[in-house]
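Q: Handing you a structure now.
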Amino acid sequence: MSTERVAVVTGAARGIGRATAIAFARAGYRVAGVDIAAPASSAMDYGPATPEDLVQTGRLVEDAGGEWLPVILDQRDRAAVSEGFAQIVERFGGGEPTGDVEQDERTAADAQRKKLPLGVPWIEPEDVAPLVVFLASEEARMVSGTSFAATGGDSANFTA
Ligand SMILES: NC(=O)c1ccc[n+]([C@@H]2O[C@H](COP(=O)([O-])OP(=O)(O)OC[C@H]3O[C@@H](n4cnc5c(N)ncnc54)[C@H](O)[C@@H]3O)[C@@H](O)[C@H]2O)c1
């Protein structure tokens with residue numbers, strides 16, 4: 001089965017990423033599976049995924065009827081991500097995202113800004129941190145059993 005829809009699945013060599021890749025294939029997507037397929041951190045206390053793992057995901061995706069493109073890269077490396085997306089766009093077509101991480105972030109931020117009542121592009125970690133400090137503070141001693149939406153007004157779009 002082949003459609004115009006393309007799923008880019010990260011961490012695709014095994015685990016949740018592999019299962020997601022297969023599920024997208026079953027749903028008719030063409031699947032690009034991204035993985036480092038090597039030790040990702042010295043803090044890992046279990047074995048790394050391997051290139052063979054990614055190959056096996058590819059077999060399972062194809063068995064499920066999906067077209068498959070493996071892309072080995074480290075997601076922490078922006079240049080590698082841009083290059084990887086260029087490969088994906090070349091193989092599967094499309095242009096959004098373009099593969100240029102900086103440009104894609106700007107495009108996404110512009111689109112998001114138009115949707116948000118407060119006109120902010122999206123929430124940065126620094127926008128959420130003060131809320132955590134407040135909740136831990138004496139001033140918030142009477143606050144419990146509730147959640148706070150730090151959404152730049154986006155919650156108005158789905159609760160209005
Ligand atoms: N399995 C669970 O029950 C569960 C539940 C909640 C959250 N999580 C979290 O979800 C994530 C995935 O879980 P999993 O069980 O599939 O883990 P996993 O270790 O089986 O798979 C993670 C995959 O990501 C790849 N990867 C790691 N760093 C990468 C990088 N920098 N660039 C590219 N690829 C990279 C690894 O090579 C590996 O194939 C983990 O962060 C895990 O902590 C897992």
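How things are named: the first chain in the structure tokens is A, the next is B, and so on; residues count from 1 in each chain; ligands count from 1 in the order shown.
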Find the residues near ligand 1. Use a cut-off of 7 Å, count only C-alpha atoms and all ligand atoms, and write them as a list in words.
A: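 Listed by chain and ascending number, the contacts are Thr10, Gly11, Ala12, Ala13, Arg14, Gly15, Ile16, Gly17, Val34, Asp35, Ile36, Ala37, Ala38, Pro39, Ala40, Pro48, Ala49, Leu73, Asp74, Gln75 and Arg76 of chain A.
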Q: In Å to one decimal, how far is CA of Ser42 (chain A) from CA of Pro70 (chain A)?
A: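 Computing the Euclidean distance for CA of Pro70 (chain A) and CA of Ser42 (chain A) yields 24.2 Å.
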Q: DSSP on the backbone: which residues in region 4-160 of chain A end up as strand (DSSP E)? Give the answer as a PyMOL selection string.
A: chain A and resi 6-10+30-35+68-72
Q: Output C-alpha atoms for every residue in that selection, as a tab-separated table (two decimals), in the first residue's frame.
A:
chain	number	residue	atom	x	y	z
A	6	VAL	CA	4.68	10.03	5.36
A	7	ALA	CA	5.50	9.30	8.98
A	8	VAL	CA	8.93	10.15	10.37
A	9	VAL	CA	9.42	7.98	13.43
A	10	THR	CA	12.29	8.68	15.80
A	30	ARG	CA	5.27	5.50	4.14
A	31	VAL	CA	7.71	5.36	7.02
A	32	ALA	CA	11.10	6.94	7.58
A	33	GLY	CA	12.66	5.38	10.66
A	34	VAL	CA	15.24	7.51	12.41
A	35	ASP	CA	17.61	6.10	14.99
A	68	TRP	CA	10.59	2.06	4.38
A	69	LEU	CA	13.50	4.44	4.61
A	70	PRO	CA	16.03	3.97	7.42
A	71	VAL	CA	17.90	7.07	8.52
A	72	ILE	CA	20.74	6.66	10.98
Q: Would you mind listing what lies within 10 Å of Glu105 (chain A) as a list in words, with only C-alpha atoms counted and same-chain residues fewer than 6 positions away left out?
A: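 Here the qualifying residues turn out to be Pro97, Ala111 and Pro121 of chain A.
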Q: Looking at only C-alpha atoms, which of A:Glu62, A:Phe148, A:Glu90, A:Ala43 is the one that sits closest to Ala25 (chain A)?
A: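 That would be A:Glu62, the residue with the smallest distance to Ala25 (chain A).
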Q: Skipping near chain neighbours, those fewer than 2 positions away, what residues fall within 12 Å of Ser147 (chain A) using only C-alpha atoms, listed as a PyMOL selection string?
A: chain A and resi 131-132+135+143-145+149-150
Q: In region 26-79 of chain A, what's alpha helix (DSSP H) per DSSP? Answer as a list in words?
A: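 Residues of region 26-79 of chain A classed as alpha helix (DSSP H): Arg26, Pro51, Glu52, Asp53, Leu54, Val55, Gln56, Thr57, Gly58, Arg59, Leu60, Val61, Glu62, Asp63, Arg78 and Ala79 of chain A.
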Q: Kindly export the residues of the current selection with C-alpha atoms, as a JSON list (two decimals), in the first residue's frame.
A:
[["chain", "number", "residue", "atom", "x", "y", "z"],
["A", 26, "ARG", "CA", -0.43, -0.68, 8.79],
["A", 51, "PRO", "CA", 21.90, -1.04, 12.91],
["A", 52, "GLU", "CA", 20.54, -4.62, 12.72],
["A", 53, "ASP", "CA", 17.67, -3.57, 14.97],
["A", 54, "LEU", "CA", 16.80, -0.79, 12.52],
["A", 55, "VAL", "CA", 17.00, -3.26, 9.61],
["A", 56, "GLN", "CA", 14.60, -5.54, 11.48],
["A", 57, "THR", "CA", 12.17, -2.63, 11.97],
["A", 58, "GLY", "CA", 12.37, -2.08, 8.22],
["A", 59, "ARG", "CA", 11.47, -5.72, 7.55],
["A", 60, "LEU", "CA", 8.49, -5.47, 9.87],
["A", 61, "VAL", "CA", 7.34, -2.20, 8.28],
["A", 62, "GLU", "CA", 7.56, -3.74, 4.82],
["A", 63, "ASP", "CA", 5.76, -6.87, 6.02],
["A", 78, "ARG", "CA", 20.93, 19.61, 14.10],
["A", 79, "ALA", "CA", 23.04, 19.39, 10.97]]
Q: Just to confirm, what's the straight-line distance from CA of Arg106 (chain A) to CA of Val81 (chain A) in Å (one decimal)?
A: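 These atoms are spaced 15.8 Å apart.
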Q: Between CA of Glu67 (chain A) and CA of Gly93 (chain A), measure the distance and give it in Å to one decimal.
A: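 So the two atoms, CA of Glu67 (chain A) and CA of Gly93 (chain A), lie 13.0 Å apart.
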Q: Excluding Thr98 (chain A) and its own-chain neighbours fewer than 2 positions away, which residues fall within 9 Å of it when counting only C-alpha atoms? Please give them as a tab-separated table (two decimals) with N, CA and C atoms, in the first residue's frame.
A:
chain	number	residue	atom	x	y	z
A	82	SER	N	18.95	17.92	9.72
A	82	SER	CA	18.65	18.60	8.45
A	82	SER	C	18.99	17.71	7.27
A	85	PHE	N	16.49	14.83	7.02
A	85	PHE	CA	15.21	15.23	6.44
A	85	PHE	C	15.34	15.46	4.94
A	86	ALA	N	16.49	15.96	4.52
A	86	ALA	CA	16.70	16.14	3.08
A	86	ALA	C	16.59	14.79	2.37
A	89	VAL	N	12.87	13.84	2.28
A	89	VAL	CA	12.13	14.62	1.28
A	89	VAL	C	12.49	14.14	-0.12
A	94	GLY	N	7.50	15.93	-0.92
A	94	GLY	CA	7.01	16.88	0.06
A	94	GLY	C	8.03	17.96	0.29
A	95	GLY	N	7.70	18.92	1.08
A	95	GLY	CA	8.65	20.00	1.31
A	95	GLY	C	8.38	20.68	2.62
A	96	GLU	N	7.45	20.12	3.36
A	96	GLU	CA	7.12	20.73	4.63
A	96	GLU	C	7.04	19.63	5.68
A	100	ASP	N	15.41	21.86	6.73
A	100	ASP	CA	16.27	22.87	7.35
A	100	ASP	C	15.66	23.17	8.72
A	101	VAL	N	16.30	22.68	9.78
A	101	VAL	CA	15.71	22.73	11.12
A	101	VAL	C	15.35	24.16	11.52
A	103	GLN	N	14.78	26.81	9.61
A	103	GLN	CA	13.67	27.33	8.80
A	103	GLN	C	12.35	26.68	9.21
A	104	ASP	N	12.39	25.36	9.45
A	104	ASP	CA	11.15	24.67	9.84
A	104	ASP	C	10.64	25.18	11.18
Q: Ser155 (chain A): which residues within 12 Å, counting only C-alpha atoms, same-chain residues fewer than 4 positions away excluded, as JSON, numbers by chain?
A: {"A": [115, 116, 117, 118, 148, 149, 150, 151, 159, 160]}
Q: Let's have the selection written as a tab-separated table (two decimals), in the first residue's frame, with C-alpha atoms.
A:
chain	number	residue	atom	x	y	z
A	115	LYS	CA	-3.48	30.51	16.21
A	116	LEU	CA	-2.68	31.71	19.72
A	117	PRO	CA	-4.76	34.49	21.30
A	118	LEU	CA	-1.69	35.94	23.02
A	148	PHE	CA	-2.54	24.85	35.34
A	149	ALA	CA	-2.42	25.43	31.61
A	150	ALA	CA	0.68	27.36	30.55
A	151	THR	CA	-0.49	27.58	26.95
A	159	THR	CA	-12.28	25.26	25.79
A	160	ALA	CA	-14.22	28.17	24.24
